[in-house]
>>> print(open('run_19.json').read())   # JSON, C-alpha atoms and all ligand atoms
[["chain", "number", "residue", "atom", "x", "y", "z"],
["A", 137, "MET", "CA", 58.07, 130.66, 57.55],
["A", 138, "SER", "CA", 56.44, 133.36, 55.45],
["A", 139, "VAL", "CA", 52.79, 134.21, 54.93],
["A", 140, "THR", "CA", 51.68, 135.88, 51.69],
["A", 141, "HIS", "CA", 48.10, 136.67, 50.73],
["A", 142, "LEU", "CA", 47.60, 136.13, 47.02],
["A", 143, "GLY", "CA", 44.32, 138.02, 47.35],
["A", 144, "THR", "CA", 41.46, 138.08, 49.85],
["A", 145, "GLY", "CA", 37.79, 139.04, 49.51],
["A", 146, "SER", "CA", 34.48, 137.77, 48.22],
["A", 147, "ARG", "CA", 35.94, 137.23, 44.71],
["A", 148, "GLY", "CA", 38.64, 134.80, 45.81],
["A", 149, "ASN", "CA", 41.05, 133.90, 48.59],
["A", 150, "ALA", "CA", 44.39, 132.11, 48.69],
["A", 151, "THR", "CA", 47.25, 132.44, 51.17],
["A", 152, "LEU", "CA", 50.70, 130.97, 50.68],
["A", 153, "ILE", "CA", 52.56, 129.49, 53.65],
["A", 154, "ASP", "CA", 56.17, 129.04, 52.61],
["A", 155, "THR", "CA", 59.01, 127.37, 54.51],
["A", 156, "GLU", "CA", 62.42, 126.24, 53.25],
["A", 157, "LYS", "CA", 60.93, 122.85, 52.39],
["A", 158, "LYS", "CA", 57.18, 123.25, 51.86],
["A", 159, "LYS", "CA", 54.74, 125.51, 50.07],
["A", 160, "ILE", "CA", 51.14, 125.21, 51.24],
["A", 161, "LEU", "CA", 48.12, 127.15, 50.03],
["A", 162, "ILE", "CA", 45.44, 127.96, 52.56],
["A", 163, "ASP", "CA", 42.28, 128.15, 50.41],
["A", 164, "GLN", "CA", 42.13, 128.22, 46.62],
["A", 165, "GLY", "CA", 39.25, 130.39, 45.51],
["A", 166, "PHE", "CA", 40.71, 131.42, 42.13],
["A", 167, "SER", "CA", 40.48, 129.93, 38.65],
["A", 168, "GLY", "CA", 43.42, 127.84, 37.43],
["A", 169, "LYS", "CA", 44.66, 130.70, 35.24],
["A", 170, "GLU", "CA", 44.35, 133.25, 38.01],
["A", 171, "ILE", "CA", 46.19, 131.22, 40.66],
["A", 172, "GLU", "CA", 48.93, 130.48, 38.12],
["A", 173, "LYS", "CA", 49.25, 134.20, 37.36],
["A", 174, "ARG", "CA", 49.35, 135.24, 41.01],
["A", 175, "LEU", "CA", 51.91, 132.58, 41.92],
["A", 176, "ALA", "CA", 54.00, 133.60, 38.90],
["A", 177, "ARG", "CA", 54.35, 137.09, 40.37],
["A", 178, "MET", "CA", 56.24, 135.38, 43.20],
["A", 179, "GLU", "CA", 58.20, 133.26, 40.72],
["A", 180, "ILE", "CA", 56.41, 130.11, 41.83],
["A", 181, "THR", "CA", 54.70, 127.58, 39.53],
["A", 182, "PRO", "CA", 51.58, 125.67, 40.65],
["A", 183, "ASN", "CA", 53.64, 122.44, 40.43],
["A", 184, "GLU", "CA", 55.70, 123.64, 43.36],
["A", 185, "ILE", "CA", 52.69, 123.80, 45.70],
["A", 186, "ASP", "CA", 52.83, 120.78, 48.03],
["A", 187, "ALA", "CA", 49.23, 120.94, 49.26],
["A", 188, "MET", "CA", 46.03, 122.98, 49.47],
["A", 189, "VAL", "CA", 44.29, 123.23, 52.83],
["A", 190, "ILE", "CA", 40.70, 124.37, 52.33],
["A", 191, "SER", "CA", 38.74, 126.16, 55.08],
["A", 192, "HIS", "CA", 35.22, 125.62, 53.69],
["A", 193, "HIS", "CA", 33.34, 125.02, 50.47],
["A", 194, "HIS", "CA", 32.22, 128.57, 49.59],
["A", 195, "GLY", "CA", 33.41, 129.42, 46.08],
["A", 196, "ASP", "CA", 35.72, 132.23, 47.16],
["A", 197, "HIS", "CA", 37.67, 129.74, 49.33],
["A", 198, "GLY", "CA", 37.31, 126.32, 47.73],
["A", 199, "GLY", "CA", 36.07, 127.06, 44.22],
["A", 200, "GLY", "CA", 39.49, 126.55, 42.60],
["A", 201, "ALA", "CA", 40.61, 123.50, 44.58],
["A", 202, "LYS", "CA", 39.30, 120.83, 42.22],
["A", 203, "ILE", "CA", 40.80, 122.45, 39.12],
["A", 204, "MET", "CA", 44.19, 122.72, 40.81],
["A", 205, "GLN", "CA", 44.02, 119.08, 41.87],
["A", 206, "LYS", "CA", 43.13, 118.04, 38.32],
["A", 207, "LYS", "CA", 45.57, 120.26, 36.46],
["A", 208, "TRP", "CA", 48.63, 120.04, 38.69],
["A", 209, "GLY", "CA", 47.86, 117.06, 40.94],
["A", 210, "THR", "CA", 48.00, 119.23, 44.08],
["A", 211, "PRO", "CA", 46.83, 117.24, 47.14],
["A", 212, "ILE", "CA", 43.75, 118.64, 48.91],
["A", 213, "TYR", "CA", 43.17, 118.68, 52.67],
["A", 214, "CYS", "CA", 39.68, 119.56, 53.92],
["A", 215, "ASN", "CA", 36.87, 118.30, 56.15],
["A", 216, "LEU", "CA", 34.13, 115.93, 55.02],
["A", 217, "ARG", "CA", 31.39, 118.50, 54.48],
["A", 218, "THR", "CA", 33.70, 120.69, 52.40],
["A", 219, "ALA", "CA", 34.80, 117.70, 50.29],
["A", 220, "GLY", "CA", 31.17, 116.73, 49.70],
["A", 221, "ALA", "CA", 30.06, 120.22, 48.74],
["A", 222, "LEU", "CA", 33.03, 120.67, 46.39],
["A", 223, "GLY", "CA", 32.30, 117.31, 44.75],
["A", 224, "LEU", "CA", 35.76, 115.93, 45.57],
["A", 225, "ASP", "CA", 36.71, 112.28, 45.26],
["A", 226, "LEU", "CA", 37.06, 111.16, 48.89],
["A", 227, "VAL", "CA", 39.75, 108.62, 48.06],
["A", 228, "GLN", "CA", 41.93, 111.30, 46.50],
["A", 229, "SER", "CA", 41.32, 113.85, 49.25],
["A", 230, "ASN", "CA", 42.86, 114.06, 52.69],
["A", 231, "ILE", "CA", 39.92, 114.42, 55.07],
["A", 232, "PHE", "CA", 40.55, 116.00, 58.44],
["A", 233, "ASP", "CA", 38.42, 116.53, 61.54],
["A", 234, "ASP", "CA", 38.54, 119.64, 63.73],
["A", 235, "PHE", "CA", 41.85, 119.77, 65.64],
["A", 236, "ASP", "CA", 43.56, 117.03, 63.60],
["A", 237, "LEU", "CA", 47.16, 118.25, 63.38],
["A", 238, "LEU", "CA", 48.19, 118.16, 59.71],
["A", 239, "GLU", "CA", 51.93, 117.51, 59.54],
["A", 240, "PHE", "CA", 53.54, 118.31, 56.19],
["A", 241, "ASP", "CA", 57.05, 117.49, 57.29],
["A", 242, "ASN", "CA", 58.87, 117.36, 60.59],
["A", 243, "SER", "CA", 58.84, 121.15, 60.87],
["A", 244, "LEU", "CA", 55.55, 122.42, 59.39],
["A", 245, "SER", "CA", 52.14, 121.58, 60.80],
["A", 246, "VAL", "CA", 48.71, 123.13, 60.38],
["A", 247, "LEU", "CA", 45.90, 122.92, 62.96],
["A", 248, "PRO", "CA", 42.26, 123.35, 61.82],
["A", 249, "ILE", "CA", 40.03, 125.04, 64.41],
["A", 250, "PRO", "CA", 36.23, 125.28, 63.89],
["A", 251, "VAL", "CA", 34.70, 128.76, 63.44],
["A", 252, "PRO", "CA", 31.01, 129.79, 63.30],
["A", 253, "HIS", "CA", 29.87, 130.35, 59.69],
["A", 254, "SER", "CA", 26.32, 129.61, 58.48],
["A", 255, "GLY", "CA", 25.79, 126.87, 55.94],
["A", 256, "ALA", "CA", 29.38, 125.61, 56.08],
["A", 257, "ASP", "CA", 31.74, 123.65, 58.33],
["A", 258, "ASN", "CA", 34.34, 126.39, 58.31],
["A", 259, "VAL", "CA", 37.71, 126.23, 60.04],
["A", 260, "CYS", "CA", 40.56, 128.65, 60.62],
["A", 261, "PHE", "CA", 44.17, 127.49, 60.67],
["A", 262, "VAL", "CA", 47.24, 127.89, 62.82],
["A", 263, "ALA", "CA", 50.46, 127.01, 60.97],
["A", 264, "SER", "CA", 53.46, 126.14, 63.18],
["A", 265, "HIS", "CA", 57.08, 126.11, 62.08],
["A", 266, "GLN", "CA", 60.17, 126.15, 64.31],
["A", 267, "LYS", "CA", 58.16, 127.22, 67.37],
["A", 268, "LYS", "CA", 56.61, 130.19, 65.51],
["A", 269, "ARG", "CA", 52.88, 130.28, 64.79],
["A", 270, "ALA", "CA", 50.78, 132.05, 62.16],
["A", 271, "ALA", "CA", 46.96, 132.12, 62.23],
["A", 272, "VAL", "CA", 44.77, 132.56, 59.12],
["A", 273, "ILE", "CA", 41.11, 133.27, 59.95],
["A", 274, "THR", "CA", 38.23, 134.29, 57.66],
["A", 275, "ASP", "CA", 34.46, 133.96, 57.28],
["A", 276, "LEU", "CA", 33.11, 133.89, 60.80],
["A", 277, "GLY", "CA", 30.21, 135.76, 62.32],
["A", 278, "SER", "CA", 31.53, 135.49, 65.86],
["A", 279, "TRP", "CA", 34.50, 134.01, 67.66],
["A", 280, "THR", "CA", 34.74, 131.32, 70.28],
["A", 281, "GLU", "CA", 36.76, 130.86, 73.47],
["A", 282, "GLU", "CA", 38.21, 127.74, 71.86],
["A", 283, "MET", "CA", 39.67, 129.96, 69.13],
["A", 284, "VAL", "CA", 41.11, 132.33, 71.72],
["A", 285, "THR", "CA", 42.86, 129.41, 73.46],
["A", 286, "HIS", "CA", 44.56, 128.25, 70.26],
["A", 287, "ILE", "CA", 45.31, 131.60, 68.63],
["A", 288, "LYS", "CA", 46.49, 133.59, 71.67],
["A", 289, "GLY", "CA", 50.10, 134.67, 71.29],
["A", 290, "CYS", "CA", 50.51, 133.70, 67.63],
["A", 291, "ASP", "CA", 53.50, 135.49, 66.05],
["A", 292, "HIS", "CA", 51.37, 136.46, 63.07],
["A", 293, "ILE", "CA", 47.59, 136.81, 62.79],
["A", 294, "SER", "CA", 45.66, 137.26, 59.53],
["A", 295, "VAL", "CA", 42.00, 137.84, 60.28],
["A", 296, "GLU", "CA", 39.04, 139.16, 58.36],
["A", 297, "ALA", "CA", 37.67, 142.65, 59.02],
["A", 298, "ASN", "CA", 34.71, 142.37, 56.71],
["A", 299, "TYR", "CA", 32.53, 145.40, 57.25],
["A", 300, "ASP", "CA", 32.11, 148.75, 58.94],
["A", 301, "VAL", "CA", 28.82, 148.70, 60.87],
["A", 302, "ASN", "CA", 27.65, 152.11, 59.63],
["A", 303, "ARG", "CA", 28.50, 151.43, 56.02],
["A", 304, "LEU", "CA", 26.70, 148.07, 56.12],
["A", 305, "TRP", "CA", 23.51, 149.46, 57.66],
["A", 306, "ASN", "CA", 23.45, 152.55, 55.44],
["A", 307, "GLY", "CA", 24.64, 150.67, 52.36],
["A", 308, "PRO", "CA", 22.86, 149.18, 49.34],
["A", 309, "TYR", "CA", 22.35, 145.58, 50.52],
["A", 310, "PRO", "CA", 18.80, 144.29, 51.15],
["A", 311, "GLN", "CA", 17.85, 143.95, 54.82],
["A", 312, "THR", "CA", 17.94, 140.14, 54.79],
["A", 313, "LEU", "CA", 21.52, 140.17, 53.52],
["A", 314, "LYS", "CA", 22.52, 142.82, 56.06],
["A", 315, "ASN", "CA", 21.08, 140.59, 58.80],
["A", 316, "ARG", "CA", 22.93, 137.55, 57.49],
["A", 317, "ILE", "CA", 26.31, 139.31, 57.23],
["A", 318, "SER", "CA", 26.05, 140.79, 60.71],
["A", 319, "GLY", "CA", 24.64, 137.61, 62.30],
["A", 320, "LYS", "CA", 26.55, 135.07, 64.40],
["A", 321, "GLY", "CA", 27.30, 133.00, 61.31],
["A", 322, "GLY", "CA", 28.11, 135.85, 58.93],
["A", 323, "HIS", "CA", 31.27, 137.93, 58.97],
["A", 324, "LEU", "CA", 33.20, 139.96, 61.54],
["A", 325, "SER", "CA", 32.77, 143.73, 61.61],
["A", 326, "ASN", "CA", 35.83, 145.93, 62.13],
["A", 327, "ASP", "CA", 34.80, 146.36, 65.79],
["A", 328, "GLU", "CA", 34.36, 142.62, 66.34],
["A", 329, "THR", "CA", 37.75, 141.95, 64.77],
["A", 330, "GLY", "CA", 39.27, 144.58, 67.07],
["A", 331, "GLU", "CA", 37.62, 142.98, 70.12],
["A", 332, "PHE", "CA", 38.80, 139.52, 69.07],
["A", 333, "LEU", "CA", 42.35, 140.77, 68.56],
["A", 334, "THR", "CA", 42.46, 142.28, 72.06],
["A", 335, "ARG", "CA", 41.88, 138.76, 73.35],
["A", 336, "VAL", "CA", 44.55, 137.01, 71.30],
["A", 337, "VAL", "CA", 47.34, 139.53, 70.66],
["A", 338, "ASP", "CA", 50.21, 139.52, 73.15],
["A", 339, "LYS", "CA", 53.88, 140.47, 73.17],
["A", 340, "GLU", "CA", 54.71, 137.58, 70.83],
["A", 341, "THR", "CA", 52.47, 138.99, 68.12],
["A", 342, "LYS", "CA", 54.64, 140.84, 65.59],
["A", 343, "SER", "CA", 52.29, 141.27, 62.64],
["A", 344, "ILE", "CA", 48.58, 141.47, 61.85],
["A", 345, "VAL", "CA", 46.95, 141.45, 58.42],
["A", 346, "LEU", "CA", 43.29, 142.44, 58.04],
["A", 347, "THR", "CA", 41.69, 140.46, 55.21],
["A", 348, "HIS", "CA", 38.45, 139.83, 53.29],
["A", 349, "LEU", "CA", 37.29, 143.49, 53.42],
["A", 350, "SER", "CA", 33.90, 144.01, 51.79],
["A", 351, "GLU", "CA", 34.28, 146.21, 48.74],
["A", 352, "LYS", "CA", 30.86, 147.77, 49.38],
["A", 353, "ASN", "CA", 30.73, 147.93, 53.16],
["A", 354, "ASN", "CA", 34.26, 148.73, 54.24],
["A", 355, "LEU", "CA", 37.31, 150.88, 53.55],
["A", 356, "PRO", "CA", 40.92, 150.02, 54.41],
["A", 357, "HIS", "CA", 41.46, 153.10, 56.58],
["A", 358, "LEU", "CA", 38.25, 152.39, 58.56],
["A", 359, "ALA", "CA", 39.25, 148.78, 59.18],
["A", 360, "GLU", "CA", 42.74, 149.72, 60.29],
["A", 361, "SER", "CA", 41.77, 152.66, 62.50],
["A", 362, "THR", "CA", 38.94, 150.73, 64.19],
["A", 363, "VAL", "CA", 41.14, 147.75, 64.96],
["A", 364, "LEU", "CA", 43.99, 149.95, 66.23],
["A", 365, "TYR", "CA", 41.51, 151.84, 68.43],
["A", 366, "HIS", "CA", 40.58, 148.55, 70.12],
["A", 367, "LEU", "CA", 44.15, 147.31, 70.38],
["A", 368, "ASP", "CA", 45.35, 150.60, 71.86],
["A", 369, "GLU", "CA", 48.82, 149.97, 73.32],
["A", 370, "VAL", "CA", 48.51, 146.20, 73.45],
["A", 371, "PHE", "CA", 50.06, 145.82, 69.99],
["A", 372, "GLN", "CA", 53.38, 147.33, 68.92],
["A", 373, "GLY", "CA", 53.91, 145.38, 65.70],
["A", 374, "ASP", "CA", 53.01, 145.95, 62.06],
["A", 375, "ILE", "CA", 49.49, 146.04, 60.71],
["A", 376, "ALA", "CA", 48.65, 145.66, 57.01],
["A", 377, "ILE", "CA", 45.58, 145.19, 54.83],
["A", 378, "SER", "CA", 45.11, 142.51, 52.19],
["A", 379, "MET", "CA", 42.73, 143.38, 49.38],
["A", 380, "GLN", "CA", 41.30, 141.42, 46.48],
["A", 381, "ASP", "CA", 44.33, 141.94, 44.27],
["A", 382, "GLY", "CA", 47.53, 140.25, 45.29],
["A", 383, "PRO", "CA", 50.04, 139.01, 46.08],
["A", 384, "ASP", "CA", 50.67, 141.42, 48.92],
["A", 385, "PHE", "CA", 53.63, 141.75, 51.27],
["A", 386, "SER", "CA", 55.23, 138.56, 52.51],
["A", 387, "HIS", "CA", 55.30, 138.44, 56.29],
["A", 388, "HIS", "CA", 58.35, 136.55, 57.45],
["A", 389, "ILE", "CA", 58.02, 134.88, 60.81],
["A", 390, "GLY", "CA", 61.03, 133.58, 62.70],
["A", 391, "GLN", "CA", 64.37, 132.71, 61.12],
["A", 392, "TYR", "CA", 64.15, 132.87, 57.38],
["A", 393, "GLU", "CA", 67.38, 132.82, 55.47],
["A", 394, "LYS", "CA", 66.00, 133.14, 51.96],
["A", 395, "GLU", "CA", 66.65, 136.43, 50.14],
["A", 396, "THR", "CA", 63.73, 138.76, 50.41],
["A", 397, "ASN", "CA", 62.36, 140.43, 47.35],
["A", 398, "PRO", "CA", 62.33, 144.09, 48.40],
["A", 399, "ALA", "CA", 59.20, 144.63, 46.31],
["A", 400, "ARG", "CA", 57.45, 142.31, 48.69],
["A", 401, "GLY", "CA", 58.58, 144.49, 51.57],
["A", 402, "LEU", "CA", 58.09, 143.96, 55.26],
["A", 403, "VAL", "CA", 60.55, 141.55, 56.79],
["A", 404, "LEU", "CA", 60.18, 140.50, 60.38],
["A", 405, "ARG", "CA", 62.83, 138.47, 62.10],
["A", 406, "GLY", "CA", 62.38, 137.03, 65.54],
["A", 501, "ZN", "ZN", 34.72, 134.29, 52.04],
["A", 502, "ZN", "ZN", 32.19, 131.66, 53.45]]
>>> encode(input="run_19.json", output="structure tokens")
Amino acid sequence: MSVTHLGTGSRGNATLIDTEKKKILIDQGFSGKEIEKRLARMEITPNEIDAMVISHHHGDHGGGAKIMQKKWGTPIYCNLRTAGALGLDLVQSNIFDDFDLLEFDNSLSVLPIPVPHSGADNVCFVASHQKKRAAVITDLGSWTEEMVTHIKGCDHISVEANYDVNRLWNGPYPQTLKNRISGKGGHLSNDETGEFLTRVVDKETKSIVLTHLSEKNNLPHLAESTVLYHLDEVFQGDIAISMQDGPDFSHHIGQYEKETNPARGLVLRG
């Protein structure tokens, strides 16, 4: 299984989960043209995408789902509130509840786990393939023990590190927005992400990607150094940052025979 971020941030998110048999997008927050362009950089056409699994209805995560369904007939999986807010036809959508295991074939499944995010029924996902697990987590103001239970020991963890506390408080946003971002239903700060990771990373965890960095309130080196400070010696694997422009590195998890494009870098075999 490989995990590739096609871009993460407040202007659009999409993450490709690729196995030998299936290609699944987690979130589709880009226009039709943009997702086509980003997939093309990986030599993939939108027709090859087997399904979109949408975390929540905010435009940067679900805003491009309907267009992709219409243009390329890509099946959508999401919860009821997300489907309603995106104006999806319920008959044509695959509606899941929290913790419904979505099985795409006999080797790839995706588990939706609820996360706290104001004004949305947001979920994060754990994709499982051949006993390896990859978590993709964004848009949460705090984390829950339930999340820890399900994400602990994942081979790969992509998680947002949205803002640096000092930059947010000293930055240009109005106070109400600062309060919302830093609240329990907003986004995770670099420190909160670091604290969360100390709870879920163990010796199985080979790679971490920090995602959804605020362009105003964060910097890649701050996110990385803060998280590594918290993780200390707990984590010996690779850490990377995904920004708004993608696709980034593909993170390969477990046995993966397919040739790796060296431009896409980092190959992990376990
Ligand atoms: Zn978002
Ligand atoms: Zn959101």
>>> residues_near_ligand(input="run_19.json", ligand="ligand ZN 501 (chain A)", cutoff="12 Å", atoms="all atoms listed in the file", output="PyMOL selection string")
chain A and resi 143-150+163-166+190-199+253-254+256+258-260+273-277+295-298+317+321-324+347-350+380
>>> atom_distance(input="run_19.json", atom1="CA of Asn242 (chain A)", atom2="CA of Ala263 (chain A)")
12.8 Å
>>> closest_residue(input="run_19.json", among="A:Lys159, A:His366, A:Lys339, A:Arg316", to="ligand ZN 502 (chain A)", atoms="all atoms listed in the file")
A:Arg316
>>> atom_distance(input="run_19.json", atom1="CA of Leu367 (chain A)", atom2="CA of Asp300 (chain A)")
16.7 Å
>>> closest_residue(input="run_19.json", among="A:His357, A:His141, A:Arg335, A:Lys169", to="Glu281 (chain A)", atoms="all atoms listed in the file")
A:Arg335
>>> closest_residue(input="run_19.json", among="A:Ile162, A:Met178, A:Val251, A:Ala271", to="ligand ZN 502 (chain A)", atoms="only C-alpha atoms and all ligand atoms")
A:Val251
>>> decode(input="run_19.json", residues="region 218-312 of chain A", atoms="C-alpha atoms", output="mmCIF file, in the first residue's frame")
data_model
loop_
_atom_site.group_PDB
_atom_site.id
_atom_site.type_symbol
_atom_site.label_atom_id
_atom_site.label_comp_id
_atom_site.auth_asym_id
_atom_site.auth_seq_id
_atom_site.Cartn_x
_atom_site.Cartn_y
_atom_site.Cartn_z
ATOM 1 C CA THR A 218 -21.571 15.166 4.953
ATOM 2 C CA ALA A 219 -23.780 13.860 2.131
ATOM 3 C CA GLY A 220 -26.538 16.292 3.111
ATOM 4 C CA ALA A 221 -24.246 19.292 3.324
ATOM 5 C CA LEU A 222 -22.597 18.458 -0.011
ATOM 6 C CA GLY A 223 -26.019 18.071 -1.651
ATOM 7 C CA LEU A 224 -25.328 14.482 -2.724
ATOM 8 C CA ASP A 225 -27.976 12.103 -4.000
ATOM 9 C CA LEU A 226 -28.339 9.590 -1.156
ATOM 10 C CA VAL A 227 -29.222 6.748 -3.514
ATOM 11 C CA GLN A 228 -25.991 7.232 -5.441
ATOM 12 C CA SER A 229 -23.833 7.669 -2.346
ATOM 13 C CA ASN A 230 -22.482 5.040 0.006
ATOM 14 C CA ILE A 231 -23.416 6.251 3.480
ATOM 15 C CA PHE A 232 -21.372 5.010 6.403
ATOM 16 C CA ASP A 233 -21.661 5.374 10.173
ATOM 17 C CA ASP A 234 -18.709 5.820 12.524
ATOM 18 C CA PHE A 235 -16.696 2.579 12.728
ATOM 19 C CA ASP A 236 -18.375 0.914 9.723
ATOM 20 C CA LEU A 237 -15.512 -0.996 8.087
ATOM 21 C CA LEU A 238 -15.471 -0.070 4.386
ATOM 22 C CA GLU A 239 -14.127 -3.041 2.440
ATOM 23 C CA PHE A 240 -12.985 -2.247 -1.095
ATOM 24 C CA ASP A 241 -11.764 -5.730 -1.863
ATOM 25 C CA ASN A 242 -10.569 -8.662 0.188
ATOM 26 C CA SER A 243 -7.330 -6.874 1.045
ATOM 27 C CA LEU A 244 -8.100 -3.156 1.446
ATOM 28 C CA SER A 245 -10.406 -1.750 4.095
ATOM 29 C CA VAL A 246 -10.897 1.728 5.527
ATOM 30 C CA LEU A 247 -12.231 2.458 9.033
ATOM 31 C CA PRO A 248 -13.861 5.861 9.756
ATOM 32 C CA ILE A 249 -13.274 7.125 13.306
ATOM 33 C CA PRO A 250 -15.081 10.251 14.610
ATOM 34 C CA VAL A 251 -12.955 13.316 15.458
ATOM 35 C CA PRO A 252 -13.989 16.587 17.181
ATOM 36 C CA HIS A 253 -14.495 19.384 14.615
ATOM 37 C CA SER A 254 -17.089 22.169 15.055
ATOM 38 C CA GLY A 255 -19.972 22.366 12.625
ATOM 39 C CA ALA A 256 -19.190 19.058 10.924
ATOM 40 C CA ASP A 257 -19.387 15.305 11.513
ATOM 41 C CA ASN A 258 -15.728 14.794 10.750
ATOM 42 C CA VAL A 259 -13.941 11.450 10.720
ATOM 43 C CA CYS A 260 -10.359 10.316 10.314
ATOM 44 C CA PHE A 261 -9.483 7.084 8.537
ATOM 45 C CA VAL A 262 -7.332 4.040 9.088
ATOM 46 C CA ALA A 263 -6.634 2.113 5.865
ATOM 47 C CA SER A 264 -5.582 -1.538 6.304
ATOM 48 C CA HIS A 265 -3.873 -3.675 3.692
ATOM 49 C CA GLN A 266 -2.010 -6.949 4.260
ATOM 50 C CA LYS A 267 -1.783 -6.382 8.016
ATOM 51 C CA LYS A 268 -0.268 -2.893 7.559
ATOM 52 C CA ARG A 269 -2.181 0.199 8.640
ATOM 53 C CA ALA A 270 -2.050 3.846 7.569
ATOM 54 C CA ALA A 271 -3.944 6.637 9.371
ATOM 55 C CA VAL A 272 -5.031 9.907 7.703
ATOM 56 C CA ILE A 273 -6.213 12.537 10.204
ATOM 57 C CA THR A 274 -7.083 16.213 9.665
ATOM 58 C CA ASP A 275 -9.336 18.976 10.994
ATOM 59 C CA LEU A 276 -9.698 18.280 14.689
ATOM 60 C CA GLY A 277 -9.427 20.620 17.630
ATOM 61 C CA SER A 278 -8.582 17.867 20.090
ATOM 62 C CA TRP A 279 -8.117 14.126 20.087
ATOM 63 C CA THR A 280 -9.996 11.372 21.850
ATOM 64 C CA GLU A 281 -8.988 8.184 23.659
ATOM 65 C CA GLU A 282 -11.078 6.315 21.096
ATOM 66 C CA MET A 283 -8.752 7.639 18.386
ATOM 67 C CA VAL A 284 -5.703 6.562 20.383
ATOM 68 C CA THR A 285 -7.092 3.015 20.651
ATOM 69 C CA HIS A 286 -7.563 2.689 16.889
ATOM 70 C CA ILE A 287 -4.511 4.584 15.653
ATOM 71 C CA LYS A 288 -1.875 3.299 18.095
ATOM 72 C CA GLY A 289 0.849 1.389 16.292
ATOM 73 C CA CYS A 290 -0.173 2.319 12.744
ATOM 74 C CA ASP A 291 2.711 1.769 10.288
ATOM 75 C CA HIS A 292 2.112 5.206 8.797
ATOM 76 C CA ILE A 293 0.435 8.265 10.321
ATOM 77 C CA SER A 294 -0.529 11.417 8.413
ATOM 78 C CA VAL A 295 -1.838 14.022 10.823
ATOM 79 C CA GLU A 296 -2.438 17.737 10.685
ATOM 80 C CA ALA A 297 -0.098 20.176 12.438
ATOM 81 C CA ASN A 298 -2.117 23.274 11.714
ATOM 82 C CA TYR A 299 -0.594 26.128 13.655
ATOM 83 C CA ASP A 300 2.224 27.317 15.863
ATOM 84 C CA VAL A 301 0.715 28.783 19.042
ATOM 85 C CA ASN A 302 2.876 31.930 19.028
ATOM 86 C CA ARG A 303 2.325 32.651 15.367
ATOM 87 C CA LEU A 304 -1.441 32.233 15.734
ATOM 88 C CA TRP A 305 -1.723 34.533 18.753
ATOM 89 C CA ASN A 306 0.627 37.170 17.325
ATOM 90 C CA GLY A 307 -0.704 36.799 13.785
ATOM 91 C CA PRO A 308 -3.226 38.764 11.707
ATOM 92 C CA TYR A 309 -6.421 36.779 12.407
ATOM 93 C CA PRO A 310 -9.269 38.422 14.368
ATOM 94 C CA GLN A 311 -9.632 37.232 17.962
ATOM 95 C CA THR A 312 -12.834 35.265 17.289
#
